[in-house]
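Some notes on the structure that comes next.
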Amino acid sequence: MTTTIAPAPSAAQATVTLPGAEVLLRALVEQGVEVIFGYPGGAVLPIYDALFRQNHIRHILVRHEQAAVHAAEAYARSTGKVGVVLVTSGPGATNAVTGLLDAMMDSIPLVCLSGQVPTALIGNDAFQEADTTGITRPVTKYNYLVRRPEDLAPAVHEAFAIARSGRPGPVLVDLPKNITVGDAPYISAQAVTPRTGKIRTTPDRAAVSRAVAAMKAARRPLFYIGGGVINSGPQASEALRKLAKLTGFPVTSTLMGLGAYPATDSQFLGMLGMHGTYEANLATHGCDVLVALGSRFDDRVTGRVNAFSPGSFKIHVDIDPSQINKIVHVDEGIVGDVGETIAMMIEEWLKPPAYAHAADLTAWWAQIEGWRALDCLRFKQDQAPDAVIKPQQAISRIFELGRQTGRDMYVSTEVGQHQMWAAQFFKFDKPNRWLTSGGLGTMGYGLPAAVGAQVAHPDALVMDIAGEASTLMNIQELGTIAQYRLPVKIFIINNHYMGMVRQWQELLHGSRYSESYSDALPDFVKLAESFHARGLRVTRLDQLDDTIREALAHDGPVMVDICVAEGENCFPMIPSGAAHNEMILGPEQEDSGAQISQEGQMLV
Amino acid sequence: MQHEISGSAVISLLVDNESGALARIVELFSGRGYNIQSLTVAPVDEIGAISRVNIVTTGTPSAIGQVKVQIERLVPVSRVVNLSAQGPHVAREMALVKVVSSGEPRTEALRIAEAFRARAVDTTATSFVFELTGSTDKLDSFIELMRPLGLVEVSRTGVASICRGPQTIQNF
């Protein structure tokens, strides 16, 4: 088999020859890499040796390869750069698989470099051999097994181009040890033409014009934005603000889109979907023109697909053509970069005729305000000094006291109830500040993600809003935090349950809490101290604010064990198989869970 | 979308002839639950750097539309065409059909082979191997007719397809 990425011989002639590991690092430097998250092993020793003998690239030693990928994801998500991971062959690569799929699902640009046994041993079941390209093919955007020295530098350059182009994603480069030890020609990025030419970034003007015409005819319009707006870059968020202000349309966001539109703005309705707000979901259900911008109609957003936003004219903007008409049939599909498309929408909007129904929006907004008045995120906190803390109280106070520090805040989460509450109560006004595992729902994401964000932003306030069950899945990263003195603040919302599992068991399985109790938990205070961090615990309402303040004021890493009410459920909730207008708003309506059909129970 | 009728389609694509390229395509079908009825692949350029893959798949028009855009996402794939949706096209496959018989069935097999313009590419006292090229339907009916006449083995290539007229996969 031949590869086609090697440049023409004439370009290769003007190159220097170096040991493969040095060629690799040189290519990384040319690609602007400053940080690598990794873990050494036999097959990558030559690369680690080359790292030791240079000072352009900083290496962060994680405690597990999965954590390296999550840290790189958060680094990428919070900076807009490509995250880089370095793992060894065999178990090093297989441990990275969950992280790679996480990045794939959430469209995070990553390059994962993995060691491999020498090419002569491939297929022999050698020590620490794995068919890494075979295993990672479905969890990466693309992957390489570098078999020839002349393919090394071109593969690395193309990997970066593929990772960051179009819909971003993870790319893996598998590096046999003989390739990194032996000599290879250095080929610069300019000499490589990456196969990214199929990607369309500039949208079709006629399609945008038709979409804007539909927007101008709308009486109940809604923007439904997603992570694509963040991936498109800060200019896309800026353009979105401008378009929202020009049109006066309400805006709702997916979990991954939070921060792309300022949450404190009056036009923002909050998150939509399974744990979205009442106003966002009813607006989605009742709108007459739905403008999807960089979002992908995920099942957590749509609920029952045939009841999703019935009767609306649907416009869908996405850089990935395969997302259009994948789940929901749309009336106007626009392939292109969402930032460029929004900019073009603004141009078209400003052309005559002017919006004829601006006055009608008053009625739409009045309806929305009616839904908003329900205050669907309200919760009852007993105000007695020794009252048990509600998880919603804890999370909303962490946000409020964090905001009051005036520092730039980056927030990661694990997966579960605490994640949904954080999505509901944290009001992000800027993109790239919210780091969460959306598509894959990877428990154990938050702690390593906080590492990646703090490495990228040493002076920022980086917090992990955690659950006691999730955070134990990558708790070893307290070692990384200690080694690099990363002042991350870990708030464990400790309800002694895998809370979301418990909530579904209550709702769908007759409160039979099968294996969802967090038994035999560690003492998180002592655990933190054993990893050279500060450990704090709070059990009473009157100590909550002071404890959070103390944690925020500490200049090193802190882990706070916030013991909260055990039985609290996350609302609003659209039960599986239900429509947006069939939301459960609070405990008083929970009995309706018993009516969920078997069909609904089969959905996750 | 729910009331669409399922049908079959021929999808032709050009892919860089690199390690794992075919696996990417096949895994996309299995991973997303699409069907493959037949698949052919061979290099088609002078240096063997580009392969053409022809896939016969079944599904509703929107499902087949999804298959096409999903394949287009693959990095080494440079062109994808749904020939069935694009208009008139030629779709042919070849079969090698082994018949073991004697007496009247053997004579009958040879007679039918002539009617189908199948060639006997191997002949022994008790067996024939017929080579037959044509549309999938033609091969199916030939094999059906051979069944009572001593059919013991079939090997088929799967469909190779190309559009009619001066257009090519490159300039749709």
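Ligands are numbered from 1 in the order shown, chains are lettered A, B, ... in the order of the structure tokens, and residues start at 1 in each chain.
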Practice item. Could you please tell me, as a ChimeraX atom specification, which residues of chain A have an atom within 12 Å of chain B when using only C-alpha atoms? Key: /A:1-5,131-147,158-159,161-163,165-169,171,194-200,305-306,319-330,335
If we count only C-alpha atoms and set the cut-off at 9 Å, which residues sit around A:Ala578, ignoring sequence neighbours fewer than 2 positions away in its own chain? Please answer as a compact mmCIF listing (two decimals) with N, CA and C atoms, in the first residue's frame.
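Saved as selection.txt:
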```
# COMPACT_ATOMS: atom_id res chain seq x y z
N GLY A 303 -35.67 15.50 22.52
CA GLY A 303 -36.72 14.67 23.09
C GLY A 303 -37.29 13.83 21.96
N ARG A 304 -38.58 13.55 22.02
CA ARG A 304 -39.18 12.74 20.95
C ARG A 304 -39.11 13.49 19.63
N ALA A 307 -42.01 14.99 17.74
CA ALA A 307 -42.73 16.07 18.42
C ALA A 307 -41.83 17.28 18.63
N ILE A 574 -37.34 16.62 30.82
CA ILE A 574 -38.20 16.00 29.80
C ILE A 574 -37.92 14.51 29.90
N PRO A 575 -38.88 13.71 30.35
CA PRO A 575 -38.61 12.28 30.47
C PRO A 575 -38.34 11.67 29.10
N SER A 576 -37.64 10.56 29.09
CA SER A 576 -37.31 9.96 27.80
C SER A 576 -38.57 9.64 27.02
N HIS A 580 -41.22 18.35 24.25
CA HIS A 580 -40.77 19.50 25.02
C HIS A 580 -41.88 20.10 25.89
N ASN A 581 -43.12 19.94 25.45
CA ASN A 581 -44.21 20.51 26.24
C ASN A 581 -44.76 19.51 27.25
N GLU A 582 -44.00 18.43 27.49
CA GLU A 582 -44.40 17.45 28.50
C GLU A 582 -43.35 17.37 29.61
N MET A 583 -42.82 18.54 29.98
CA MET A 583 -41.76 18.61 30.98
C MET A 583 -42.26 18.29 32.39
N ILE A 596 -44.36 6.80 31.99
CA ILE A 596 -43.45 6.71 30.85
C ILE A 596 -43.60 5.33 30.20
N GLY A 600 -40.37 4.65 25.90
CA GLY A 600 -39.57 5.69 26.53
C GLY A 600 -38.49 5.10 27.42
```
Review point. Any idea what's packed within 12 Å of A:Ile395, counting only C-alpha atoms, ignoring anything in its chain fewer than 5 positions away? Could you give it as a ChimeraX atom specification?
Key: /A:389-390,400-402,411,413,417-427,463-467,490-494,544-545,548,562,564
Atoms kept (N, CA, C and O atoms) for selection, written as a tab-separated table (two decimals), in the first residue's frame:
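So result.tsv came out as:
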```tsv
chain	number	residue	atom	x	y	z
A	389	ILE	N	-27.63	21.25	53.12
A	389	ILE	CA	-27.43	22.09	51.92
A	389	ILE	C	-28.05	21.38	50.72
A	389	ILE	O	-27.81	20.20	50.49
A	390	LYS	N	-28.83	22.14	49.94
A	390	LYS	CA	-29.34	21.61	48.68
A	390	LYS	C	-28.22	21.72	47.63
A	390	LYS	O	-27.51	22.72	47.60
A	400	GLU	N	-21.89	32.36	42.27
A	400	GLU	CA	-22.02	33.75	42.71
A	400	GLU	C	-20.72	34.23	43.39
A	400	GLU	O	-20.21	35.31	43.08
A	401	LEU	N	-20.19	33.41	44.28
A	401	LEU	CA	-18.98	33.83	45.00
A	401	LEU	C	-17.76	33.81	44.06
A	401	LEU	O	-16.85	34.63	44.21
A	402	GLY	N	-17.76	32.90	43.11
A	402	GLY	CA	-16.69	32.88	42.12
A	402	GLY	C	-16.73	34.14	41.26
A	402	GLY	O	-15.69	34.77	41.01
A	411	VAL	N	-14.66	26.72	34.09
A	411	VAL	CA	-15.39	25.74	34.90
A	411	VAL	C	-15.48	24.41	34.15
A	411	VAL	O	-15.97	24.36	33.03
A	413	THR	N	-16.73	20.23	34.57
A	413	THR	CA	-17.65	19.42	35.36
A	413	THR	C	-17.36	17.95	35.10
A	413	THR	O	-16.73	17.59	34.11
A	417	GLN	N	-25.97	14.82	37.68
A	417	GLN	CA	-26.84	15.89	38.16
A	417	GLN	C	-26.08	17.20	38.35
A	417	GLN	O	-26.54	18.26	37.93
A	418	HIS	N	-24.91	17.11	39.00
A	418	HIS	CA	-24.15	18.33	39.29
A	418	HIS	C	-23.81	19.07	38.00
A	418	HIS	O	-23.76	20.29	37.95
A	419	GLN	N	-23.58	18.29	36.92
A	419	GLN	CA	-23.25	18.88	35.62
A	419	GLN	C	-24.43	19.69	35.09
A	419	GLN	O	-24.28	20.81	34.59
A	420	MET	N	-25.63	19.11	35.22
A	420	MET	CA	-26.83	19.80	34.73
A	420	MET	C	-27.12	21.04	35.58
A	420	MET	O	-27.47	22.09	35.06
A	421	TRP	N	-26.96	20.90	36.90
A	421	TRP	CA	-27.16	22.08	37.75
A	421	TRP	C	-26.15	23.17	37.44
A	421	TRP	O	-26.47	24.35	37.41
A	422	ALA	N	-24.91	22.76	37.20
A	422	ALA	CA	-23.89	23.76	36.85
A	422	ALA	C	-24.28	24.45	35.54
A	422	ALA	O	-24.16	25.67	35.40
A	423	ALA	N	-24.78	23.66	34.57
A	423	ALA	CA	-25.20	24.24	33.30
A	423	ALA	C	-26.34	25.22	33.51
A	423	ALA	O	-26.45	26.23	32.83
A	424	GLN	N	-27.21	24.91	34.48
A	424	GLN	CA	-28.36	25.79	34.73
A	424	GLN	C	-27.98	27.05	35.51
A	424	GLN	O	-28.50	28.13	35.24
A	425	PHE	N	-27.09	26.91	36.49
A	425	PHE	CA	-26.85	28.02	37.42
A	425	PHE	C	-25.63	28.88	37.07
A	425	PHE	O	-25.54	30.02	37.50
A	426	PHE	N	-24.66	28.33	36.35
A	426	PHE	CA	-23.52	29.17	35.97
A	426	PHE	C	-23.92	30.01	34.76
A	426	PHE	O	-24.42	29.49	33.77
A	427	LYS	N	-23.71	31.30	34.86
A	427	LYS	CA	-24.09	32.21	33.78
A	427	LYS	C	-22.81	32.65	33.07
A	427	LYS	O	-22.10	33.52	33.55
A	463	MET	N	-12.19	25.91	38.18
A	463	MET	CA	-12.94	25.09	39.13
A	463	MET	C	-13.43	23.83	38.44
A	463	MET	O	-13.76	23.84	37.27
A	464	ASP	N	-13.50	22.77	39.24
A	464	ASP	CA	-14.17	21.56	38.79
A	464	ASP	C	-15.40	21.38	39.67
A	464	ASP	O	-15.28	21.22	40.89
A	465	ILE	N	-16.58	21.46	39.05
A	465	ILE	CA	-17.81	21.15	39.77
A	465	ILE	C	-17.99	19.64	39.60
A	465	ILE	O	-18.22	19.16	38.49
A	466	ALA	N	-17.86	18.91	40.72
A	466	ALA	CA	-17.74	17.46	40.63
A	466	ALA	C	-18.83	16.76	41.41
A	466	ALA	O	-19.46	17.34	42.29
A	467	GLY	N	-19.04	15.52	41.04
A	467	GLY	CA	-19.85	14.63	41.86
A	467	GLY	C	-18.90	13.66	42.54
A	467	GLY	O	-17.80	13.42	42.04
A	490	ILE	N	-11.67	22.26	43.49
A	490	ILE	CA	-12.54	21.13	43.22
A	490	ILE	C	-13.68	21.16	44.23
A	490	ILE	O	-13.44	21.05	45.44
A	491	PHE	N	-14.90	21.32	43.73
A	491	PHE	CA	-16.07	21.33	44.62
A	491	PHE	C	-16.84	20.05	44.39
A	491	PHE	O	-17.45	19.86	43.33
A	492	ILE	N	-16.79	19.16	45.35
A	492	ILE	CA	-17.50	17.89	45.23
A	492	ILE	C	-18.90	18.05	45.80
A	492	ILE	O	-19.07	18.33	46.99
A	493	ILE	N	-19.89	17.92	44.93
A	493	ILE	CA	-21.29	17.97	45.36
A	493	ILE	C	-21.62	16.55	45.80
A	493	ILE	O	-21.97	15.70	44.97
A	494	ASN	N	-21.45	16.30	47.07
A	494	ASN	CA	-21.45	14.92	47.58
A	494	ASN	C	-22.83	14.55	48.12
A	494	ASN	O	-23.21	14.95	49.22
A	544	LEU	N	-21.62	27.31	54.44
A	544	LEU	CA	-21.38	27.10	53.00
A	544	LEU	C	-20.59	28.25	52.38
A	544	LEU	O	-19.53	28.03	51.78
A	545	ASP	N	-21.10	29.48	52.54
A	545	ASP	CA	-20.46	30.61	51.87
A	545	ASP	C	-19.03	30.80	52.34
A	545	ASP	O	-18.12	31.04	51.54
A	548	ILE	N	-16.76	28.18	50.83
A	548	ILE	CA	-16.47	28.45	49.40
A	548	ILE	C	-15.49	29.62	49.29
A	548	ILE	O	-14.51	29.54	48.54
A	562	ILE	N	-18.61	19.04	49.73
A	562	ILE	CA	-19.86	19.69	50.12
A	562	ILE	C	-20.92	18.60	50.28
A	562	ILE	O	-21.37	18.02	49.30
A	564	VAL	N	-24.34	17.31	50.62
A	564	VAL	CA	-25.63	17.89	50.24
A	564	VAL	C	-26.76	16.88	50.46
A	564	VAL	O	-26.52	15.70	50.69
```
Practice item. Write down as a PyMOL selection string the residues belonging to stretch 51-117 of chain B that are assigned strand (DSSP E) by DSSP computed on the backbone. Key: chain B and resi 51-59+77-82+89-100
Could you write out that same residue set with C-alpha atoms as a PDB file, in the first residue's frame?
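Written out: result-v3.pdb:
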```pdb
ATOM      1  CA  SER B  51      -8.946   2.979  -5.831  1.00  0.00           C
ATOM      2  CA  ARG B  52     -12.529   2.978  -6.944  1.00  0.00           C
ATOM      3  CA  VAL B  53     -15.059   1.406  -4.613  1.00  0.00           C
ATOM      4  CA  ASN B  54     -18.573   0.486  -5.769  1.00  0.00           C
ATOM      5  CA  ILE B  55     -21.084  -0.264  -3.043  1.00  0.00           C
ATOM      6  CA  VAL B  56     -24.622  -1.494  -3.517  1.00  0.00           C
ATOM      7  CA  THR B  57     -26.640  -0.496  -0.486  1.00  0.00           C
ATOM      8  CA  THR B  58     -30.305  -0.502   0.472  1.00  0.00           C
ATOM      9  CA  GLY B  59     -32.341   2.030   2.389  1.00  0.00           C
ATOM     10  CA  VAL B  77     -12.172   9.766   0.023  1.00  0.00           C
ATOM     11  CA  SER B  78     -12.005  12.368  -2.738  1.00  0.00           C
ATOM     12  CA  ARG B  79     -15.270  11.737  -4.663  1.00  0.00           C
ATOM     13  CA  VAL B  80     -18.578  10.084  -3.847  1.00  0.00           C
ATOM     14  CA  VAL B  81     -21.440   9.690  -6.325  1.00  0.00           C
ATOM     15  CA  ASN B  82     -24.801   8.022  -5.863  1.00  0.00           C
ATOM     16  CA  HIS B  89     -25.594   4.158 -15.380  1.00  0.00           C
ATOM     17  CA  VAL B  90     -24.203   0.753 -16.236  1.00  0.00           C
ATOM     18  CA  ALA B  91     -23.874  -1.755 -13.394  1.00  0.00           C
ATOM     19  CA  ARG B  92     -22.277  -5.090 -14.147  1.00  0.00           C
ATOM     20  CA  GLU B  93     -20.860  -7.984 -12.222  1.00  0.00           C
ATOM     21  CA  MET B  94     -19.225 -11.268 -13.062  1.00  0.00           C
ATOM     22  CA  ALA B  95     -19.984 -14.715 -11.708  1.00  0.00           C
ATOM     23  CA  LEU B  96     -18.135 -18.006 -11.848  1.00  0.00           C
ATOM     24  CA  VAL B  97     -20.693 -20.812 -11.579  1.00  0.00           C
ATOM     25  CA  LYS B  98     -19.724 -24.451 -11.060  1.00  0.00           C
ATOM     26  CA  VAL B  99     -22.145 -27.153 -12.185  1.00  0.00           C
ATOM     27  CA  VAL B 100     -21.505 -30.853 -11.526  1.00  0.00           C
TER      28      VAL B 100
END
```
Exercise for review: Find the spatial neighbours of B:Ile143, counting only C-alpha atoms, within a cut-off of 12 Å - ignore same-chain residues fewer than 3 positions away - and output them as a VMD selection string.
Suggested key: chain B and resid 94 to 99 109 112 to 113 116 118 130 to 132 136 to 140 146 to 156
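One finds atom CA of B:Glu104 at 19.8 Å from atom CA of B:Arg117.
Checking A:Val291, A:Leu486, A:Val501, A:Leu246 one by one against A:Leu350, counting only C-alpha atoms, you find the shortest gap at A:Leu246.
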Point to revise | DSSP helix (DSSP H, G or I) residues within stretch 14-92 of chain B, as a PyMOL selection string | key: chain B and resi 21-31+61-72+83-86
Serialized selection, N, CA and C atoms, as a PDB file, in the first residue's frame:
```pdb
ATOM      1  N   ALA B  21      -7.840   2.121   4.352  1.00  0.00           N
ATOM      2  CA  ALA B  21      -8.868   2.939   3.700  1.00  0.00           C
ATOM      3  C   ALA B  21     -10.183   2.171   3.553  1.00  0.00           C
ATOM      4  N   LEU B  22     -10.075   0.904   3.134  1.00  0.00           N
ATOM      5  CA  LEU B  22     -11.283   0.111   2.957  1.00  0.00           C
ATOM      6  C   LEU B  22     -11.959  -0.143   4.303  1.00  0.00           C
ATOM      7  N   ALA B  23     -11.138  -0.381   5.334  1.00  0.00           N
ATOM      8  CA  ALA B  23     -11.695  -0.608   6.678  1.00  0.00           C
ATOM      9  C   ALA B  23     -12.506   0.595   7.128  1.00  0.00           C
ATOM     10  N   ARG B  24     -12.027   1.809   6.827  1.00  0.00           N
ATOM     11  CA  ARG B  24     -12.772   3.023   7.203  1.00  0.00           C
ATOM     12  C   ARG B  24     -14.168   3.008   6.593  1.00  0.00           C
ATOM     13  N   ILE B  25     -14.228   2.612   5.331  1.00  0.00           N
ATOM     14  CA  ILE B  25     -15.516   2.636   4.625  1.00  0.00           C
ATOM     15  C   ILE B  25     -16.439   1.555   5.178  1.00  0.00           C
ATOM     16  N   VAL B  26     -15.887   0.355   5.329  1.00  0.00           N
ATOM     17  CA  VAL B  26     -16.703  -0.765   5.791  1.00  0.00           C
ATOM     18  C   VAL B  26     -17.172  -0.529   7.229  1.00  0.00           C
ATOM     19  N   GLU B  27     -16.276  -0.004   8.077  1.00  0.00           N
ATOM     20  CA  GLU B  27     -16.649   0.246   9.479  1.00  0.00           C
ATOM     21  C   GLU B  27     -17.696   1.343   9.590  1.00  0.00           C
ATOM     22  N   LEU B  28     -17.657   2.279   8.656  1.00  0.00           N
ATOM     23  CA  LEU B  28     -18.685   3.322   8.669  1.00  0.00           C
ATOM     24  C   LEU B  28     -20.060   2.675   8.459  1.00  0.00           C
ATOM     25  N   PHE B  29     -20.129   1.725   7.537  1.00  0.00           N
ATOM     26  CA  PHE B  29     -21.408   1.045   7.278  1.00  0.00           C
ATOM     27  C   PHE B  29     -21.849   0.244   8.499  1.00  0.00           C
ATOM     28  N   SER B  30     -20.935  -0.547   9.080  1.00  0.00           N
ATOM     29  CA  SER B  30     -21.351  -1.376  10.225  1.00  0.00           C
ATOM     30  C   SER B  30     -21.634  -0.497  11.435  1.00  0.00           C
ATOM     31  N   GLY B  31     -20.795   0.516  11.656  1.00  0.00           N
ATOM     32  CA  GLY B  31     -20.956   1.363  12.836  1.00  0.00           C
ATOM     33  C   GLY B  31     -22.242   2.161  12.828  1.00  0.00           C
ATOM     34  N   PRO B  61     -34.449   6.802   0.577  1.00  0.00           N
ATOM     35  CA  PRO B  61     -33.640   7.851  -0.052  1.00  0.00           C
ATOM     36  C   PRO B  61     -32.897   8.724   0.963  1.00  0.00           C
ATOM     37  N   SER B  62     -33.538   9.052   2.104  1.00  0.00           N
ATOM     38  CA  SER B  62     -32.812   9.907   3.056  1.00  0.00           C
ATOM     39  C   SER B  62     -31.699   9.132   3.741  1.00  0.00           C
ATOM     40  N   ALA B  63     -31.896   7.834   3.981  1.00  0.00           N
ATOM     41  CA  ALA B  63     -30.825   7.032   4.582  1.00  0.00           C
ATOM     42  C   ALA B  63     -29.644   6.937   3.620  1.00  0.00           C
ATOM     43  N   ILE B  64     -29.950   6.756   2.332  1.00  0.00           N
ATOM     44  CA  ILE B  64     -28.866   6.659   1.351  1.00  0.00           C
ATOM     45  C   ILE B  64     -28.174   8.014   1.189  1.00  0.00           C
ATOM     46  N   GLY B  65     -28.950   9.084   1.298  1.00  0.00           N
ATOM     47  CA  GLY B  65     -28.350  10.420   1.299  1.00  0.00           C
ATOM     48  C   GLY B  65     -27.375  10.583   2.461  1.00  0.00           C
ATOM     49  N   GLN B  66     -27.737  10.057   3.635  1.00  0.00           N
ATOM     50  CA  GLN B  66     -26.850  10.096   4.807  1.00  0.00           C
ATOM     51  C   GLN B  66     -25.595   9.268   4.563  1.00  0.00           C
ATOM     52  N   VAL B  67     -25.762   8.076   3.949  1.00  0.00           N
ATOM     53  CA  VAL B  67     -24.601   7.231   3.643  1.00  0.00           C
ATOM     54  C   VAL B  67     -23.597   8.038   2.830  1.00  0.00           C
ATOM     55  N   LYS B  68     -24.111   8.721   1.815  1.00  0.00           N
ATOM     56  CA  LYS B  68     -23.227   9.470   0.919  1.00  0.00           C
ATOM     57  C   LYS B  68     -22.463  10.570   1.669  1.00  0.00           C
ATOM     58  N   VAL B  69     -23.165  11.365   2.471  1.00  0.00           N
ATOM     59  CA  VAL B  69     -22.463  12.472   3.151  1.00  0.00           C
ATOM     60  C   VAL B  69     -21.533  11.948   4.247  1.00  0.00           C
ATOM     61  N   GLN B  70     -21.894  10.826   4.840  1.00  0.00           N
ATOM     62  CA  GLN B  70     -20.991  10.250   5.840  1.00  0.00           C
ATOM     63  C   GLN B  70     -19.705   9.761   5.181  1.00  0.00           C
ATOM     64  N   ILE B  71     -19.828   9.125   3.999  1.00  0.00           N
ATOM     65  CA  ILE B  71     -18.615   8.666   3.300  1.00  0.00           C
ATOM     66  C   ILE B  71     -17.772   9.879   2.890  1.00  0.00           C
ATOM     67  N   GLU B  72     -18.442  10.938   2.483  1.00  0.00           N
ATOM     68  CA  GLU B  72     -17.713  12.141   2.059  1.00  0.00           C
ATOM     69  C   GLU B  72     -16.843  12.721   3.167  1.00  0.00           C
ATOM     70  N   LEU B  83     -24.763   6.822  -7.976  1.00  0.00           N
ATOM     71  CA  LEU B  83     -25.042   6.664  -9.405  1.00  0.00           C
ATOM     72  C   LEU B  83     -26.532   6.456  -9.656  1.00  0.00           C
ATOM     73  N   SER B  84     -27.206   5.800  -8.746  1.00  0.00           N
ATOM     74  CA  SER B  84     -28.632   5.538  -8.926  1.00  0.00           C
ATOM     75  C   SER B  84     -29.425   6.842  -8.939  1.00  0.00           C
ATOM     76  N   ALA B  85     -28.989   7.810  -8.123  1.00  0.00           N
ATOM     77  CA  ALA B  85     -29.700   9.085  -8.057  1.00  0.00           C
ATOM     78  C   ALA B  85     -29.257  10.003  -9.184  1.00  0.00           C
ATOM     79  N   GLN B  86     -28.059   9.739  -9.727  1.00  0.00           N
ATOM     80  CA  GLN B  86     -27.461  10.655 -10.695  1.00  0.00           C
ATOM     81  C   GLN B  86     -28.049  10.474 -12.088  1.00  0.00           C
TER      82      GLN B  86
END
```
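Residue nearest A:Gly294 within the list A:Val111, A:Asp106, A:Asp183, A:Gln476: A:Asp106 [criterion: smallest interatomic distance, only C-alpha atoms].
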Review point. Mind pulling up the distance from atom CA of A:Ala469 to atom CA of A:Tyr445?
Key: 11.8 Å
Review point. By how many Å are atom CA of A:His59 and atom CA of A:Gln128 apart?
Key: 22.7 Å
